[in-house]
Amino acid sequence: MDILVYSTDWCSDCVRSKALLKREKLPFNEIDIEEVDGAEEAMKTLNGGSRKIPTILIQSEQGRDILIEPTDPELLAVLQRHKTLS
């Protein structure tokens, strides 16, 4: 499973989602949309034009999910599905 998190350092939802991923011991790549040139545009292309963060891309052999500002239960449900299917 590959996880990519588009975020910023000041976003409380981003901090919460990344903490959940760390608690679950799941490695992820993070892109700070304010620090990486072109990252915000890449994120908006991925998520249909939304500027909301975090935007989380989860990919596994079974497919991909794009989550925009997920709650912890939403994120956990998608992670579990990918763990089960992988």
# chains A, B, ... in the order shown; residues from 1 in each chain; ligands from 1
$ residues_around --residues "range 60-70 of chain A" --least-positions-apart "4" --cutoff "8 Å" --atoms "only C-alpha atoms" --output "ChimeraX atom specification"
/A:1-2,13-14,17,46-47,52-56,74-75,78,82,85-86
$ write_last_selection --atoms "all heavy atoms" --output "short mmCIF file (atom, residue, chain, number, x, y, z; two decimals), in the first residue's frame"
data_model
loop_
_atom_site.label_atom_id
_atom_site.label_comp_id
_atom_site.auth_asym_id
_atom_site.auth_seq_id
_atom_site.Cartn_x
_atom_site.Cartn_y
_atom_site.Cartn_z
N MET A 1 0.85 -1.17 0.00
CA MET A 1 0.00 0.00 0.00
C MET A 1 0.90 1.24 0.00
O MET A 1 1.84 1.31 0.78
CB MET A 1 -0.90 -0.03 1.24
CG MET A 1 -1.75 1.18 1.39
SD MET A 1 -2.94 1.18 2.77
CE MET A 1 -2.50 -0.11 3.84
N ASP A 2 0.60 2.18 -0.87
CA ASP A 2 1.31 3.46 -0.93
C ASP A 2 0.37 4.56 -0.47
O ASP A 2 -0.79 4.62 -0.90
CB ASP A 2 1.77 3.76 -2.36
CG ASP A 2 2.82 2.78 -2.84
OD1 ASP A 2 3.73 2.46 -2.05
OD2 ASP A 2 2.73 2.34 -4.00
N ASP A 13 -6.26 19.31 10.88
CA ASP A 13 -6.75 18.06 10.29
C ASP A 13 -5.60 17.24 9.71
O ASP A 13 -5.60 16.01 9.78
CB ASP A 13 -7.79 18.32 9.21
CG ASP A 13 -9.13 18.77 9.77
OD1 ASP A 13 -9.44 18.43 10.93
OD2 ASP A 13 -9.87 19.45 9.04
N CYS A 14 -4.62 17.93 9.13
CA CYS A 14 -3.43 17.24 8.58
C CYS A 14 -2.66 16.57 9.71
O CYS A 14 -2.26 15.40 9.59
CB CYS A 14 -2.53 18.23 7.86
SG CYS A 14 -3.29 19.03 6.43
N SER A 17 -4.61 13.46 10.89
CA SER A 17 -4.55 12.33 9.96
C SER A 17 -3.16 11.69 9.94
O SER A 17 -3.03 10.46 9.91
CB SER A 17 -4.94 12.78 8.55
OG SER A 17 -6.31 13.09 8.48
N LEU A 46 -5.55 16.10 -8.79
CA LEU A 46 -5.87 14.78 -8.25
C LEU A 46 -7.27 14.73 -7.64
O LEU A 46 -8.00 13.76 -7.82
CB LEU A 46 -4.82 14.40 -7.19
CG LEU A 46 -4.96 13.07 -6.52
CD1 LEU A 46 -4.65 11.95 -7.50
CD2 LEU A 46 -4.00 13.00 -5.33
N ASN A 47 -7.65 15.79 -6.95
CA ASN A 47 -8.90 15.72 -6.17
C ASN A 47 -10.05 16.53 -6.77
O ASN A 47 -11.00 16.85 -6.07
CB ASN A 47 -8.64 16.12 -4.71
CG ASN A 47 -8.32 17.59 -4.56
OD1 ASN A 47 -8.64 18.41 -5.41
ND2 ASN A 47 -7.69 17.94 -3.46
N LYS A 52 -8.87 21.77 -0.33
CA LYS A 52 -8.96 21.27 1.04
C LYS A 52 -7.84 20.30 1.34
O LYS A 52 -7.46 19.49 0.51
CB LYS A 52 -10.31 20.59 1.27
CG LYS A 52 -11.47 21.57 1.17
CD LYS A 52 -12.78 20.87 1.39
CE LYS A 52 -13.92 21.87 1.29
NZ LYS A 52 -15.21 21.22 1.50
N ILE A 53 -7.33 20.42 2.57
CA ILE A 53 -6.28 19.54 3.04
C ILE A 53 -6.69 18.95 4.39
O ILE A 53 -7.47 19.57 5.11
CB ILE A 53 -4.92 20.27 3.15
CG1 ILE A 53 -5.09 21.58 3.91
CG2 ILE A 53 -4.30 20.47 1.81
CD1 ILE A 53 -3.82 22.31 4.19
N PRO A 54 -6.22 17.79 4.72
CA PRO A 54 -5.35 16.97 3.90
C PRO A 54 -6.11 16.31 2.74
O PRO A 54 -7.29 16.01 2.86
CB PRO A 54 -4.83 15.90 4.86
CG PRO A 54 -5.94 15.73 5.84
CD PRO A 54 -6.53 17.12 6.00
N THR A 55 -5.41 16.12 1.67
CA THR A 55 -5.86 15.26 0.59
C THR A 55 -4.93 14.05 0.63
O THR A 55 -3.71 14.22 0.59
CB THR A 55 -5.78 15.96 -0.78
OG1 THR A 55 -6.76 17.01 -0.82
CG2 THR A 55 -6.06 14.99 -1.92
N ILE A 56 -5.52 12.88 0.78
CA ILE A 56 -4.74 11.67 0.97
C ILE A 56 -5.03 10.69 -0.16
O ILE A 56 -6.20 10.35 -0.40
CB ILE A 56 -5.05 11.02 2.34
CG1 ILE A 56 -4.81 12.03 3.46
CG2 ILE A 56 -4.23 9.74 2.53
CD1 ILE A 56 -5.26 11.57 4.84
N GLU A 74 -13.37 7.54 8.77
CA GLU A 74 -13.33 7.39 7.30
C GLU A 74 -11.96 6.90 6.85
O GLU A 74 -11.86 5.98 6.02
CB GLU A 74 -13.64 8.73 6.62
CG GLU A 74 -15.07 9.17 6.75
CD GLU A 74 -15.30 10.61 6.30
OE1 GLU A 74 -14.35 11.43 6.29
OE2 GLU A 74 -16.46 10.92 5.98
N LEU A 75 -10.91 7.50 7.39
CA LEU A 75 -9.56 7.11 7.01
C LEU A 75 -9.28 5.67 7.43
O LEU A 75 -8.75 4.87 6.66
CB LEU A 75 -8.54 8.07 7.64
CG LEU A 75 -7.07 7.82 7.35
CD1 LEU A 75 -6.78 7.71 5.86
CD2 LEU A 75 -6.22 8.92 7.98
N VAL A 78 -10.99 3.09 5.07
CA VAL A 78 -10.31 2.93 3.78
C VAL A 78 -9.00 2.18 3.97
O VAL A 78 -8.66 1.28 3.19
CB VAL A 78 -10.10 4.30 3.09
CG1 VAL A 78 -9.21 4.16 1.87
CG2 VAL A 78 -11.44 4.88 2.70
N HIS A 82 -7.91 -1.50 2.27
CA HIS A 82 -6.69 -1.72 1.50
C HIS A 82 -5.81 -2.79 2.15
O HIS A 82 -5.19 -3.58 1.45
CB HIS A 82 -5.90 -0.42 1.30
CG HIS A 82 -6.47 0.44 0.21
ND1 HIS A 82 -6.06 0.32 -1.08
CD2 HIS A 82 -7.40 1.41 0.23
CE1 HIS A 82 -6.72 1.19 -1.83
NE2 HIS A 82 -7.55 1.87 -1.05
N LEU A 85 -7.46 -6.13 1.34
CA LEU A 85 -7.39 -6.51 -0.06
C LEU A 85 -5.97 -6.75 -0.54
O LEU A 85 -5.76 -7.45 -1.51
CB LEU A 85 -8.03 -5.40 -0.92
CG LEU A 85 -9.53 -5.19 -0.71
CD1 LEU A 85 -10.00 -3.97 -1.50
CD2 LEU A 85 -10.32 -6.41 -1.13
N SER A 86 -5.01 -6.14 0.10
CA SER A 86 -3.61 -6.25 -0.37
C SER A 86 -3.03 -7.61 -0.04
O SER A 86 -3.42 -8.29 0.83
CB SER A 86 -2.75 -5.17 0.25
OG SER A 86 -3.17 -3.91 -0.20
#
$ select_by_dssp --residues "chain A" --states "helix (DSSP H, G or I)" --output "VMD selection string"
chain A and resid 12 to 23 39 to 46 72 to 85
$ residues_around --residues "Ile31 in chain A" --least-positions-apart "4" --cutoff "12 Å" --atoms "only C-alpha atoms" --output "PDB file with N, CA, C and O atoms, in the first residue's frame"
ATOM      1  N   ILE A   3       0.872   5.426   0.393  1.00  0.00           N
ATOM      2  CA  ILE A   3       0.064   6.518   0.934  1.00  0.00           C
ATOM      3  C   ILE A   3       0.809   7.830   0.696  1.00  0.00           C
ATOM      4  O   ILE A   3       1.976   7.966   1.053  1.00  0.00           O
ATOM      5  N   LEU A   4       0.099   8.793   0.112  1.00  0.00           N
ATOM      6  CA  LEU A   4       0.641  10.125  -0.139  1.00  0.00           C
ATOM      7  C   LEU A   4      -0.297  11.141   0.501  1.00  0.00           C
ATOM      8  O   LEU A   4      -1.504  11.118   0.250  1.00  0.00           O
ATOM      9  N   VAL A   5       0.267  12.013   1.334  1.00  0.00           N
ATOM     10  CA  VAL A   5      -0.520  13.012   2.055  1.00  0.00           C
ATOM     11  C   VAL A   5      -0.102  14.403   1.597  1.00  0.00           C
ATOM     12  O   VAL A   5       1.052  14.800   1.759  1.00  0.00           O
ATOM     13  N   TYR A   6      -1.044  15.129   1.024  1.00  0.00           N
ATOM     14  CA  TYR A   6      -0.839  16.545   0.712  1.00  0.00           C
ATOM     15  C   TYR A   6      -1.307  17.322   1.930  1.00  0.00           C
ATOM     16  O   TYR A   6      -2.456  17.160   2.377  1.00  0.00           O
ATOM     17  N   SER A   7      -0.436  18.173   2.474  1.00  0.00           N
ATOM     18  CA  SER A   7      -0.771  18.840   3.730  1.00  0.00           C
ATOM     19  C   SER A   7       0.003  20.147   3.873  1.00  0.00           C
ATOM     20  O   SER A   7       0.731  20.554   2.970  1.00  0.00           O
ATOM     21  N   THR A   8      -0.183  20.774   5.032  1.00  0.00           N
ATOM     22  CA  THR A   8       0.646  21.898   5.475  1.00  0.00           C
ATOM     23  C   THR A   8       0.984  21.651   6.937  1.00  0.00           C
ATOM     24  O   THR A   8       0.359  20.802   7.585  1.00  0.00           O
ATOM     25  N   ASP A   9       1.935  22.401   7.467  1.00  0.00           N
ATOM     26  CA  ASP A   9       2.317  22.176   8.864  1.00  0.00           C
ATOM     27  C   ASP A   9       1.357  22.836   9.855  1.00  0.00           C
ATOM     28  O   ASP A   9       1.321  22.465  11.012  1.00  0.00           O
ATOM     29  N   CYS A  14      -4.619  17.927   9.131  1.00  0.00           N
ATOM     30  CA  CYS A  14      -3.434  17.243   8.584  1.00  0.00           C
ATOM     31  C   CYS A  14      -2.657  16.571   9.712  1.00  0.00           C
ATOM     32  O   CYS A  14      -2.257  15.402   9.592  1.00  0.00           O
ATOM     33  N   LYS A  18      -2.114  12.509   9.966  1.00  0.00           N
ATOM     34  CA  LYS A  18      -0.758  11.970   9.969  1.00  0.00           C
ATOM     35  C   LYS A  18      -0.477  11.223  11.273  1.00  0.00           C
ATOM     36  O   LYS A  18       0.204  10.184  11.263  1.00  0.00           O
ATOM     37  N   GLU A  35       5.346  24.368   0.479  1.00  0.00           N
ATOM     38  CA  GLU A  35       6.803  24.302   0.370  1.00  0.00           C
ATOM     39  C   GLU A  35       7.283  23.741  -0.966  1.00  0.00           C
ATOM     40  O   GLU A  35       8.397  24.038  -1.384  1.00  0.00           O
ATOM     41  N   VAL A  36       6.480  22.914  -1.603  1.00  0.00           N
ATOM     42  CA  VAL A  36       6.911  22.235  -2.832  1.00  0.00           C
ATOM     43  C   VAL A  36       6.257  22.913  -4.035  1.00  0.00           C
ATOM     44  O   VAL A  36       5.019  22.962  -4.133  1.00  0.00           O
ATOM     45  N   ASP A  37       7.078  23.441  -4.926  1.00  0.00           N
ATOM     46  CA  ASP A  37       6.559  24.107  -6.125  1.00  0.00           C
ATOM     47  C   ASP A  37       5.666  23.153  -6.923  1.00  0.00           C
ATOM     48  O   ASP A  37       6.046  22.013  -7.189  1.00  0.00           O
ATOM     49  N   GLY A  38       4.481  23.637  -7.282  1.00  0.00           N
ATOM     50  CA  GLY A  38       3.554  22.865  -8.099  1.00  0.00           C
ATOM     51  C   GLY A  38       2.724  21.851  -7.342  1.00  0.00           C
ATOM     52  O   GLY A  38       1.842  21.210  -7.925  1.00  0.00           O
ATOM     53  N   ALA A  39       2.981  21.686  -6.042  1.00  0.00           N
ATOM     54  CA  ALA A  39       2.277  20.660  -5.271  1.00  0.00           C
ATOM     55  C   ALA A  39       0.788  20.958  -5.132  1.00  0.00           C
ATOM     56  O   ALA A  39      -0.041  20.053  -5.228  1.00  0.00           O
ATOM     57  N   GLU A  40       0.432  22.219  -4.908  1.00  0.00           N
ATOM     58  CA  GLU A  40      -0.989  22.546  -4.759  1.00  0.00           C
ATOM     59  C   GLU A  40      -1.744  22.252  -6.058  1.00  0.00           C
ATOM     60  O   GLU A  40      -2.845  21.695  -6.025  1.00  0.00           O
ATOM     61  N   GLU A  41      -1.162  22.597  -7.180  1.00  0.00           N
ATOM     62  CA  GLU A  41      -1.817  22.322  -8.466  1.00  0.00           C
ATOM     63  C   GLU A  41      -1.927  20.821  -8.716  1.00  0.00           C
ATOM     64  O   GLU A  41      -2.942  20.340  -9.215  1.00  0.00           O
ATOM     65  N   ALA A  42      -0.880  20.075  -8.362  1.00  0.00           N
ATOM     66  CA  ALA A  42      -0.931  18.609  -8.517  1.00  0.00           C
ATOM     67  C   ALA A  42      -2.033  18.024  -7.644  1.00  0.00           C
ATOM     68  O   ALA A  42      -2.784  17.136  -8.079  1.00  0.00           O
ATOM     69  N   MET A  43      -2.161  18.523  -6.420  1.00  0.00           N
ATOM     70  CA  MET A  43      -3.205  18.061  -5.503  1.00  0.00           C
ATOM     71  C   MET A  43      -4.582  18.376  -6.071  1.00  0.00           C
ATOM     72  O   MET A  43      -5.476  17.526  -6.071  1.00  0.00           O
ATOM     73  N   ILE A  53      -7.335  20.425   2.575  1.00  0.00           N
ATOM     74  CA  ILE A  53      -6.284  19.536   3.042  1.00  0.00           C
ATOM     75  C   ILE A  53      -6.691  18.950   4.389  1.00  0.00           C
ATOM     76  O   ILE A  53      -7.466  19.575   5.110  1.00  0.00           O
ATOM     77  N   PRO A  54      -6.216  17.787   4.718  1.00  0.00           N
ATOM     78  CA  PRO A  54      -5.349  16.971   3.898  1.00  0.00           C
ATOM     79  C   PRO A  54      -6.105  16.310   2.745  1.00  0.00           C
ATOM     80  O   PRO A  54      -7.295  16.005   2.861  1.00  0.00           O
ATOM     81  N   THR A  55      -5.410  16.122   1.667  1.00  0.00           N
ATOM     82  CA  THR A  55      -5.859  15.258   0.586  1.00  0.00           C
ATOM     83  C   THR A  55      -4.932  14.054   0.631  1.00  0.00           C
ATOM     84  O   THR A  55      -3.715  14.217   0.589  1.00  0.00           O
ATOM     85  N   ILE A  56      -5.522  12.884   0.776  1.00  0.00           N
ATOM     86  CA  ILE A  56      -4.738  11.665   0.972  1.00  0.00           C
ATOM     87  C   ILE A  56      -5.032  10.691  -0.159  1.00  0.00           C
ATOM     88  O   ILE A  56      -6.196  10.346  -0.402  1.00  0.00           O
ATOM     89  N   LEU A  57      -3.973  10.257  -0.816  1.00  0.00           N
ATOM     90  CA  LEU A  57      -4.074   9.266  -1.881  1.00  0.00           C
ATOM     91  C   LEU A  57      -3.566   7.940  -1.338  1.00  0.00           C
ATOM     92  O   LEU A  57      -2.435   7.857  -0.844  1.00  0.00           O
TER      93      LEU A  57
END
$ select_by_dssp --residues "chain A" --states "strand (DSSP E or B)" --output "list in words"
Asp2, Ile3, Leu4, Val5, Tyr6, Ser7, Asn29, Glu30, Ile31, Asp32, Thr55, Ile56, Leu57, Ile58, Gln59, Ser60, Gly63, Arg64, Asp65, Ile66, Leu67 and Ile68 of chain A
$ atom_distance --atom1 "CA of Cys11 in chain A" --atom2 "CA of Lys83 in chain A"
26.8 Å
$ residues_around --residues "Leu76 in chain A" --least-positions-apart "3" --cutoff "10 Å" --atoms "only C-alpha atoms" --output "PyMOL selection string"
chain A and resi 17+20-21+24+70-73+79-82
$ write_last_selection --atoms "N, CA and C atoms" --output "PDB file, in the first residue's frame"
ATOM      1  N   SER A  17      -4.609  13.455  10.891  1.00  0.00           N
ATOM      2  CA  SER A  17      -4.551  12.329   9.957  1.00  0.00           C
ATOM      3  C   SER A  17      -3.159  11.690   9.939  1.00  0.00           C
ATOM      4  N   LEU A  20      -2.685   9.563  13.001  1.00  0.00           N
ATOM      5  CA  LEU A  20      -3.370   8.286  12.857  1.00  0.00           C
ATOM      6  C   LEU A  20      -2.522   7.310  12.039  1.00  0.00           C
ATOM      7  N   LEU A  21      -1.966   7.765  10.934  1.00  0.00           N
ATOM      8  CA  LEU A  21      -1.121   6.910  10.102  1.00  0.00           C
ATOM      9  C   LEU A  21       0.096   6.422  10.890  1.00  0.00           C
ATOM     10  N   GLU A  24      -0.915   3.758  13.372  1.00  0.00           N
ATOM     11  CA  GLU A  24      -1.161   2.508  12.667  1.00  0.00           C
ATOM     12  C   GLU A  24       0.129   1.910  12.084  1.00  0.00           C
ATOM     13  N   PRO A  70     -10.549  13.691   5.468  1.00  0.00           N
ATOM     14  CA  PRO A  70     -11.283  12.567   6.060  1.00  0.00           C
ATOM     15  C   PRO A  70     -11.323  12.646   7.582  1.00  0.00           C
ATOM     16  N   THR A  71     -12.410  12.136   8.142  1.00  0.00           N
ATOM     17  CA  THR A  71     -12.459  11.939   9.586  1.00  0.00           C
ATOM     18  C   THR A  71     -11.597  10.717   9.905  1.00  0.00           C
ATOM     19  N   ASP A  72     -11.273  10.530  11.172  1.00  0.00           N
ATOM     20  CA  ASP A  72     -10.503   9.343  11.539  1.00  0.00           C
ATOM     21  C   ASP A  72     -11.243   8.058  11.169  1.00  0.00           C
ATOM     22  N   PRO A  73     -12.546   7.938  11.456  1.00  0.00           N
ATOM     23  CA  PRO A  73     -13.248   6.714  11.058  1.00  0.00           C
ATOM     24  C   PRO A  73     -13.248   6.485   9.544  1.00  0.00           C
ATOM     25  N   LEU A  79      -8.268   2.516   5.017  1.00  0.00           N
ATOM     26  CA  LEU A  79      -7.017   1.812   5.286  1.00  0.00           C
ATOM     27  C   LEU A  79      -7.263   0.326   5.518  1.00  0.00           C
ATOM     28  N   GLN A  80      -8.293   0.016   6.275  1.00  0.00           N
ATOM     29  CA  GLN A  80      -8.607  -1.394   6.551  1.00  0.00           C
ATOM     30  C   GLN A  80      -8.959  -2.133   5.278  1.00  0.00           C
ATOM     31  N   ARG A  81      -9.721  -1.494   4.420  1.00  0.00           N
ATOM     32  CA  ARG A  81     -10.091  -2.130   3.149  1.00  0.00           C
ATOM     33  C   ARG A  81      -8.842  -2.421   2.315  1.00  0.00           C
ATOM     34  N   HIS A  82      -7.906  -1.503   2.267  1.00  0.00           N
ATOM     35  CA  HIS A  82      -6.687  -1.721   1.497  1.00  0.00           C
ATOM     36  C   HIS A  82      -5.809  -2.792   2.150  1.00  0.00           C
TER      37      HIS A  82
END
